[in-house]
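Asks: Here it is: the structure, laid out below.
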Number of protein chains: 2
Amino acid sequence: MEVLEYDRRKCPNHLSTGECTKMLLPVKDALDILSGKWKLQIILALTFGKKRFKQIQREIPGLTPKMLSKELKDLEINELASRHVYDTSPVTVEYELTPYGKTLKPLIGELHKWGSKHRKKITGK
Amino acid sequence: MEVLEYDRRKCPNHLSTGECTKMLLPVKDALDILSGKWKLQIILALTFGKKRFKQIQREIPGLTPKMLSKELKDLEINELASRHVYDTSPVTVEYELTPYGKTLKPLIGELHKWGSKHRKKITGK
DNA sequence: GGTATCGCTTTCCTTTCGGATACCGGTATA
DNA sequence: TATACCGGTATCCGAAAGGAAAGCGATACC
């Protein structure tokens, strides 16, 4: 809101060269973290508590180990989830949303609010 | 927030089969509207007022007419932008954010807020 | 007549995303 | 000995997103 207001002064003809497009970078960061075919479902699965690799995979049909592995790495890199290995046999690996990862919830909530209204508007209520 | 709280009761083992995943659909709708390589920049360009096709293209270097055309159609279909044709010569076509389209601003603002904090956290401030 | 502008569309090509399948070492179970 | 589970990795493929370049009808300008 105030974000888009902010640059009105500074954005002349070329949006790309100013503060203007730089401002979009954080927005793209946030979008990157949430978009993709499986990210939301995995995050959702983890909001219900610690989960093991196979457990997540079973809860999300169609999700292959390759994709799950990749997405979990992304979450780790972004410090949104943490990985814990226990030296049992067979080995146990647990994934968990970090407290920081849980700060995504209000954001997803906002997307849900707007998306719900939009759905009603477009599908003709 | 309350969104993710909501289904805690209803989500047993299979997230995919319940209310649980249905709840993610509106979130995906919202993400679809904002993600992609050019959407944000085009929306931003239109927040500064009516613009003509070529004018938008000039403001966003690298944007090809094919992509611009496609994205503008998407915005129209979603009733976020409107298209006005004037019978001048050569023909004049103007695009404009609808009042509804402007309701995206607070949402983008939220993404910006989270994304900025995230950027600081990850890049080590 | 030649060239330019506007608002696109069409075709072809590359790059990226994600799916299918097979496999790995280590351990348990029959 | 054979089979199964765990937490993945590696390889090959098809689909989808997006870029490059050309062209098009209408008009205007030189």
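To be explicit about the labels: the chains of the structure tokens are called A, B, and onward in the order shown, and within each one the residues are counted from 1, while ligands get numbers from 1 in the order they are shown.
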Given only C-alpha atoms (C1' of nucleotides), how would the per-residue table for chain D near chain B read, listing every residue at most 9 Å away with its closest atom pair and distance in Å to one decimal, sorted by chain and number, as a Markdown table?
Replies:
| residue | atom | partner | partner_atom | distance |
| --- | --- | --- | --- | --- |
| D:DA17 | C1' | B:Gly36 | CA | 8.7 |
| D:DG18 | C1' | B:Met67 | CA | 7.9 |
| D:DG19 | C1' | B:Thr64 | CA | 8.0 |
| D:DA26 | C1' | B:Pro90 | CA | 7.0 |
| D:DT27 | C1' | B:Pro90 | CA | 5.6 |
| D:DA28 | C1' | B:Pro90 | CA | 8.1 |
Asks: Run DSSP on the backbone and tell me which residues of chain A come out as strand (DSSP E); list them as a PDB file with N, CA and C atoms, in the first residue's frame.
Replies:
ATOM      1  N   LYS A  51       7.708 -33.823  11.203  1.00  0.00           N
ATOM      2  CA  LYS A  51       7.353 -34.950  10.344  1.00  0.00           C
ATOM      3  C   LYS A  51       8.604 -35.575   9.780  1.00  0.00           C
ATOM      4  N   ARG A  52       8.532 -36.858   9.516  1.00  0.00           N
ATOM      5  CA  ARG A  52       9.634 -37.555   8.867  1.00  0.00           C
ATOM      6  C   ARG A  52       9.460 -37.501   7.358  1.00  0.00           C
ATOM      7  N   ALA A  81      12.700 -24.113   7.749  1.00  0.00           N
ATOM      8  CA  ALA A  81      12.532 -25.435   8.353  1.00  0.00           C
ATOM      9  C   ALA A  81      13.893 -25.931   8.828  1.00  0.00           C
ATOM     10  N   SER A  82      13.858 -26.828   9.789  1.00  0.00           N
ATOM     11  CA  SER A  82      15.111 -27.400  10.284  1.00  0.00           C
ATOM     12  C   SER A  82      15.066 -28.919  10.163  1.00  0.00           C
ATOM     13  N   ARG A  83      16.232 -29.507  10.050  1.00  0.00           N
ATOM     14  CA  ARG A  83      16.368 -30.939   9.801  1.00  0.00           C
ATOM     15  C   ARG A  83      17.110 -31.566  10.968  1.00  0.00           C
ATOM     16  N   HIS A  84      16.542 -32.617  11.522  1.00  0.00           N
ATOM     17  CA  HIS A  84      17.175 -33.291  12.652  1.00  0.00           C
ATOM     18  C   HIS A  84      17.363 -34.764  12.336  1.00  0.00           C
ATOM     19  N   VAL A  85      18.606 -35.226  12.482  1.00  0.00           N
ATOM     20  CA  VAL A  85      18.908 -36.624  12.194  1.00  0.00           C
ATOM     21  C   VAL A  85      19.111 -37.374  13.497  1.00  0.00           C
ATOM     22  N   TYR A  86      18.456 -38.498  13.659  1.00  0.00           N
ATOM     23  CA  TYR A  86      18.623 -39.323  14.855  1.00  0.00           C
ATOM     24  C   TYR A  86      19.267 -40.640  14.471  1.00  0.00           C
ATOM     25  N   THR A  92      16.483 -42.047  11.370  1.00  0.00           N
ATOM     26  CA  THR A  92      15.291 -41.210  11.463  1.00  0.00           C
ATOM     27  C   THR A  92      15.663 -39.761  11.153  1.00  0.00           C
ATOM     28  N   VAL A  93      14.927 -39.155  10.254  1.00  0.00           N
ATOM     29  CA  VAL A  93      15.148 -37.745   9.958  1.00  0.00           C
ATOM     30  C   VAL A  93      13.844 -36.991  10.148  1.00  0.00           C
ATOM     31  N   GLU A  94      13.888 -35.962  10.941  1.00  0.00           N
ATOM     32  CA  GLU A  94      12.677 -35.176  11.173  1.00  0.00           C
ATOM     33  C   GLU A  94      12.828 -33.748  10.669  1.00  0.00           C
ATOM     34  N   TYR A  95      11.761 -33.247  10.112  1.00  0.00           N
ATOM     35  CA  TYR A  95      11.727 -31.859   9.652  1.00  0.00           C
ATOM     36  C   TYR A  95      10.696 -31.100  10.462  1.00  0.00           C
ATOM     37  N   GLU A  96      10.985 -29.833  10.640  1.00  0.00           N
ATOM     38  CA  GLU A  96      10.159 -29.025  11.521  1.00  0.00           C
ATOM     39  C   GLU A  96      10.185 -27.582  11.027  1.00  0.00           C
ATOM     40  N   LEU A  97       9.067 -26.897  11.109  1.00  0.00           N
ATOM     41  CA  LEU A  97       9.086 -25.455  10.824  1.00  0.00           C
ATOM     42  C   LEU A  97       9.826 -24.747  11.946  1.00  0.00           C
TER      43      LEU A  97
END
Asks: Just need the residues of chain C within 10 Å of chain B, counting only C-alpha atoms (C1' of nucleotides), so spit them out as a PyMOL selection string.
Replies: chain C and resi 5-10
Asks: Please produce a file of the residues just selected, as a PDB file, in the first residue's frame, where the atoms kept are N, CA and C atoms (P, O5', C5', C4', C3', O3' and C1' of nucleotides).
Replies:
ATOM      1  P    DT C   5       9.556   4.616 -35.634  1.00  0.00           P
ATOM      2  O5'  DT C   5       8.049   4.737 -35.140  1.00  0.00           O
ATOM      3  C5'  DT C   5       7.316   5.952 -35.320  1.00  0.00           C
ATOM      4  C4'  DT C   5       5.851   5.651 -35.039  1.00  0.00           C
ATOM      5  C3'  DT C   5       5.670   4.656 -33.895  1.00  0.00           C
ATOM      6  O3'  DT C   5       4.847   5.217 -32.888  1.00  0.00           O
ATOM      7  C1'  DT C   5       4.409   4.009 -35.810  1.00  0.00           C
ATOM      8  P    DC C   6       4.687   4.392 -31.471  1.00  0.00           P
ATOM      9  O5'  DC C   6       3.291   3.643 -31.655  1.00  0.00           O
ATOM     10  C5'  DC C   6       2.112   4.392 -31.961  1.00  0.00           C
ATOM     11  C4'  DC C   6       0.966   3.430 -32.161  1.00  0.00           C
ATOM     12  C3'  DC C   6       0.897   2.354 -31.071  1.00  0.00           C
ATOM     13  O3'  DC C   6      -0.377   2.417 -30.450  1.00  0.00           O
ATOM     14  C1'  DC C   6       0.806   1.390 -33.260  1.00  0.00           C
ATOM     15  P    DG C   7      -0.585   1.620 -29.066  1.00  0.00           P
ATOM     16  O5'  DG C   7      -1.056   0.192 -29.586  1.00  0.00           O
ATOM     17  C5'  DG C   7      -2.327   0.049 -30.196  1.00  0.00           C
ATOM     18  C4'  DG C   7      -2.496  -1.379 -30.662  1.00  0.00           C
ATOM     19  C3'  DG C   7      -2.254  -2.442 -29.575  1.00  0.00           C
ATOM     20  O3'  DG C   7      -3.215  -3.474 -29.709  1.00  0.00           O
ATOM     21  C1'  DG C   7      -0.948  -2.909 -31.414  1.00  0.00           C
ATOM     22  P    DC C   8      -3.446  -4.402 -28.405  1.00  0.00           P
ATOM     23  O5'  DC C   8      -2.089  -5.193 -28.138  1.00  0.00           O
ATOM     24  C5'  DC C   8      -1.955  -6.592 -28.459  1.00  0.00           C
ATOM     25  C4'  DC C   8      -1.960  -6.832 -29.958  1.00  0.00           C
ATOM     26  C3'  DC C   8      -1.728  -8.272 -30.329  1.00  0.00           C
ATOM     27  O3'  DC C   8      -2.951  -8.970 -30.393  1.00  0.00           O
ATOM     28  C1'  DC C   8      -0.529  -6.780 -31.772  1.00  0.00           C
ATOM     29  P    DT C   9      -2.946 -10.520 -30.067  1.00  0.00           P
ATOM     30  O5'  DT C   9      -2.285 -11.172 -31.368  1.00  0.00           O
ATOM     31  C5'  DT C   9      -2.925 -11.030 -32.636  1.00  0.00           C
ATOM     32  C4'  DT C   9      -2.165 -11.859 -33.672  1.00  0.00           C
ATOM     33  C3'  DT C   9      -1.979 -13.319 -33.275  1.00  0.00           C
ATOM     34  O3'  DT C   9      -2.296 -14.126 -34.404  1.00  0.00           O
ATOM     35  C1'  DT C   9       0.116 -12.338 -33.771  1.00  0.00           C
ATOM     36  P    DT C  10      -2.385 -15.715 -34.222  1.00  0.00           P
ATOM     37  O5'  DT C  10      -1.048 -16.226 -34.929  1.00  0.00           O
ATOM     38  C5'  DT C  10      -0.576 -15.590 -36.109  1.00  0.00           C
ATOM     39  C4'  DT C  10       0.769 -16.160 -36.501  1.00  0.00           C
ATOM     40  C3'  DT C  10       1.013 -17.608 -36.057  1.00  0.00           C
ATOM     41  O3'  DT C  10       1.383 -18.379 -37.189  1.00  0.00           O
ATOM     42  C1'  DT C  10       2.833 -16.213 -35.418  1.00  0.00           C
TER      43       DT C  10
END
Asks: Measuring between only C-alpha atoms (C1' of nucleotides), which one of A:Leu34, A:Ile77, A:Leu107, A:Lys70 shows the shortest distance to D:DT9?
Replies: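 Ranked by minimum distance to D:DT9, first place goes to A:Lys70.
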Asks: Smallest atom-to-atom distance to chain A: which of B:Lys50, B:Lys105, B:Lys120, B:Lys22, using only C-alpha atoms?
Replies: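 Looking at the shortest contact to chain A, the residue is B:Lys105.
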Asks: So how far away is atom C1' of C:DT16 from atom C1' of D:DA21, in Å?
Replies: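 The value is 21.7 Å.
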Asks: Would you please work out which residue, of B:Ile43, B:Thr98, B:Gly49, B:Ser116, is nearest to chain A when using only C-alpha atoms?
Replies: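 That would be B:Ser116, the residue with the smallest distance to chain A.
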Asks: Using only C-alpha atoms, what does the table of chain B residues within 9 Å of chain A look like, with each row giving the shortest atom pair and its distance in Å to one decimal, sorted by chain and ascending number, as JSON lines?
Replies:
{"residue": "B:Met1", "atom": "CA", "partner": "A:Pro106", "partner_atom": "CA", "distance": 4.6}
{"residue": "B:Glu2", "atom": "CA", "partner": "A:Gly109", "partner_atom": "CA", "distance": 7.1}
{"residue": "B:Val3", "atom": "CA", "partner": "A:Gly109", "partner_atom": "CA", "distance": 5.8}
{"residue": "B:Leu4", "atom": "CA", "partner": "A:Lys105", "partner_atom": "CA", "distance": 7.0}
{"residue": "B:Glu5", "atom": "CA", "partner": "A:Thr47", "partner_atom": "CA", "distance": 8.9}
{"residue": "B:Arg8", "atom": "CA", "partner": "A:Phe48", "partner_atom": "CA", "distance": 7.1}
{"residue": "B:Cys11", "atom": "CA", "partner": "A:Phe48", "partner_atom": "CA", "distance": 8.9}
{"residue": "B:Asn13", "atom": "CA", "partner": "A:Glu59", "partner_atom": "CA", "distance": 6.0}
{"residue": "B:His14", "atom": "CA", "partner": "A:Glu59", "partner_atom": "CA", "distance": 4.8}
{"residue": "B:Leu15", "atom": "CA", "partner": "A:Glu59", "partner_atom": "CA", "distance": 5.6}
{"residue": "B:Ser16", "atom": "CA", "partner": "A:Ile60", "partner_atom": "CA", "distance": 6.1}
{"residue": "B:Cys20", "atom": "CA", "partner": "A:Leu44", "partner_atom": "CA", "distance": 8.8}
{"residue": "B:Thr21", "atom": "CA", "partner": "A:Gln41", "partner_atom": "CA", "distance": 7.4}
{"residue": "B:Met23", "atom": "CA", "partner": "A:His112", "partner_atom": "CA", "distance": 8.0}
{"residue": "B:Leu24", "atom": "CA", "partner": "A:Leu40", "partner_atom": "CA", "distance": 7.4}
{"residue": "B:Leu25", "atom": "CA", "partner": "A:Gly115", "partner_atom": "CA", "distance": 8.1}
{"residue": "B:Pro26", "atom": "CA", "partner": "A:Gly115", "partner_atom": "CA", "distance": 4.3}
{"residue": "B:Val27", "atom": "CA", "partner": "A:His112", "partner_atom": "CA", "distance": 4.6}
{"residue": "B:Lys28", "atom": "CA", "partner": "A:Gly115", "partner_atom": "CA", "distance": 7.6}
{"residue": "B:Asp29", "atom": "CA", "partner": "A:Gly115", "partner_atom": "CA", "distance": 5.7}
{"residue": "B:Ala30", "atom": "CA", "partner": "A:Gly115", "partner_atom": "CA", "distance": 4.8}
{"residue": "B:Leu31", "atom": "CA", "partner": "A:Ser35", "partner_atom": "CA", "distance": 6.6}
{"residue": "B:Asp32", "atom": "CA", "partner": "A:Ser35", "partner_atom": "CA", "distance": 8.1}
{"residue": "B:Leu34", "atom": "CA", "partner": "A:Leu31", "partner_atom": "CA", "distance": 7.8}
{"residue": "B:Ser35", "atom": "CA", "partner": "A:Leu31", "partner_atom": "CA", "distance": 6.6}
{"residue": "B:Leu40", "atom": "CA", "partner": "A:Leu24", "partner_atom": "CA", "distance": 7.5}
{"residue": "B:Gln41", "atom": "CA", "partner": "A:Thr21", "partner_atom": "CA", "distance": 7.4}
{"residue": "B:Leu44", "atom": "CA", "partner": "A:Leu4", "partner_atom": "CA", "distance": 7.5}
{"residue": "B:Ala45", "atom": "CA", "partner": "A:Leu15", "partner_atom": "CA", "distance": 7.4}
{"residue": "B:Thr47", "atom": "CA", "partner": "A:Leu4", "partner_atom": "CA", "distance": 7.7}
{"residue": "B:Phe48", "atom": "CA", "partner": "A:Arg8", "partner_atom": "CA", "distance": 7.1}
{"residue": "B:Arg58", "atom": "CA", "partner": "A:His14", "partner_atom": "CA", "distance": 7.6}
{"residue": "B:Glu59", "atom": "CA", "partner": "A:His14", "partner_atom": "CA", "distance": 4.8}
{"residue": "B:Ile60", "atom": "CA", "partner": "A:Ser16", "partner_atom": "CA", "distance": 6.1}
{"residue": "B:Pro61", "atom": "CA", "partner": "A:Ser16", "partner_atom": "CA", "distance": 7.0}
{"residue": "B:Ile77", "atom": "CA", "partner": "A:Ile122", "partner_atom": "CA", "distance": 8.7}
{"residue": "B:Asn78", "atom": "CA", "partner": "A:Ile122", "partner_atom": "CA", "distance": 6.8}
{"residue": "B:Glu79", "atom": "CA", "partner": "A:Ile122", "partner_atom": "CA", "distance": 8.1}
{"residue": "B:Thr103", "atom": "CA", "partner": "A:Trp114", "partner_atom": "CA", "distance": 8.5}
{"residue": "B:Leu104", "atom": "CA", "partner": "A:Trp114", "partner_atom": "CA", "distance": 8.1}
{"residue": "B:Lys105", "atom": "CA", "partner": "A:Met1", "partner_atom": "CA", "distance": 4.9}
{"residue": "B:Pro106", "atom": "CA", "partner": "A:Met1", "partner_atom": "CA", "distance": 4.6}
{"residue": "B:Leu107", "atom": "CA", "partner": "A:Glu110", "partner_atom": "CA", "distance": 6.8}
{"residue": "B:Ile108", "atom": "CA", "partner": "A:Val27", "partner_atom": "CA", "distance": 6.9}
{"residue": "B:Gly109", "atom": "CA", "partner": "A:Met1", "partner_atom": "CA", "distance": 5.2}
{"residue": "B:Glu110", "atom": "CA", "partner": "A:Leu107", "partner_atom": "CA", "distance": 6.9}
{"residue": "B:Leu111", "atom": "CA", "partner": "A:Val27", "partner_atom": "CA", "distance": 5.2}
{"residue": "B:His112", "atom": "CA", "partner": "A:Val27", "partner_atom": "CA", "distance": 4.6}
{"residue": "B:Lys113", "atom": "CA", "partner": "A:Pro26", "partner_atom": "CA", "distance": 7.8}
{"residue": "B:Trp114", "atom": "CA", "partner": "A:Ala30", "partner_atom": "CA", "distance": 6.8}
{"residue": "B:Gly115", "atom": "CA", "partner": "A:Pro26", "partner_atom": "CA", "distance": 4.3}
{"residue": "B:Ser116", "atom": "CA", "partner": "A:Pro26", "partner_atom": "CA", "distance": 5.1}
{"residue": "B:Lys117", "atom": "CA", "partner": "A:Pro26", "partner_atom": "CA", "distance": 8.4}
{"residue": "B:His118", "atom": "CA", "partner": "A:Pro26", "partner_atom": "CA", "distance": 7.9}
{"residue": "B:Arg119", "atom": "CA", "partner": "A:Pro26", "partner_atom": "CA", "distance": 6.7}
{"residue": "B:Lys121", "atom": "CA", "partner": "A:Asn78", "partner_atom": "CA", "distance": 9.0}
{"residue": "B:Ile122", "atom": "CA", "partner": "A:Asn78", "partner_atom": "CA", "distance": 6.8}
Asks: Pick out the residues sitting within 12 Å of D:DA10, and hand them over as a VMD selection string; count only C-alpha atoms (C1' of nucleotides), and ignore anything fewer than 5 positions along from it in its own chain.
Replies: (chain A and resid 66) or (chain C and resid 21 to 24)
Asks: Going by DSSP on the backbone, which bits of stretch 53-109 of chain B are helix (DSSP H, G or I)? Write them as a PyMOL selection string, please.
Replies: chain B and resi 53-59+65-77+99-102+104-109
Asks: Using atom C1' of D:DA15 and atom C1' of C:DT14 as the two end points, give the distance in Å to one decimal.
Replies: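 So the two atoms, atom C1' of D:DA15 and atom C1' of C:DT14, lie 13.8 Å apart.
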Asks: At what distance in Å, to one decimal, does atom CA of A:Gly101 lie from atom CA of A:Asp74?
Replies: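 Value for the atom CA of A:Asp74-atom CA of A:Gly101 distance: 12.0 Å.
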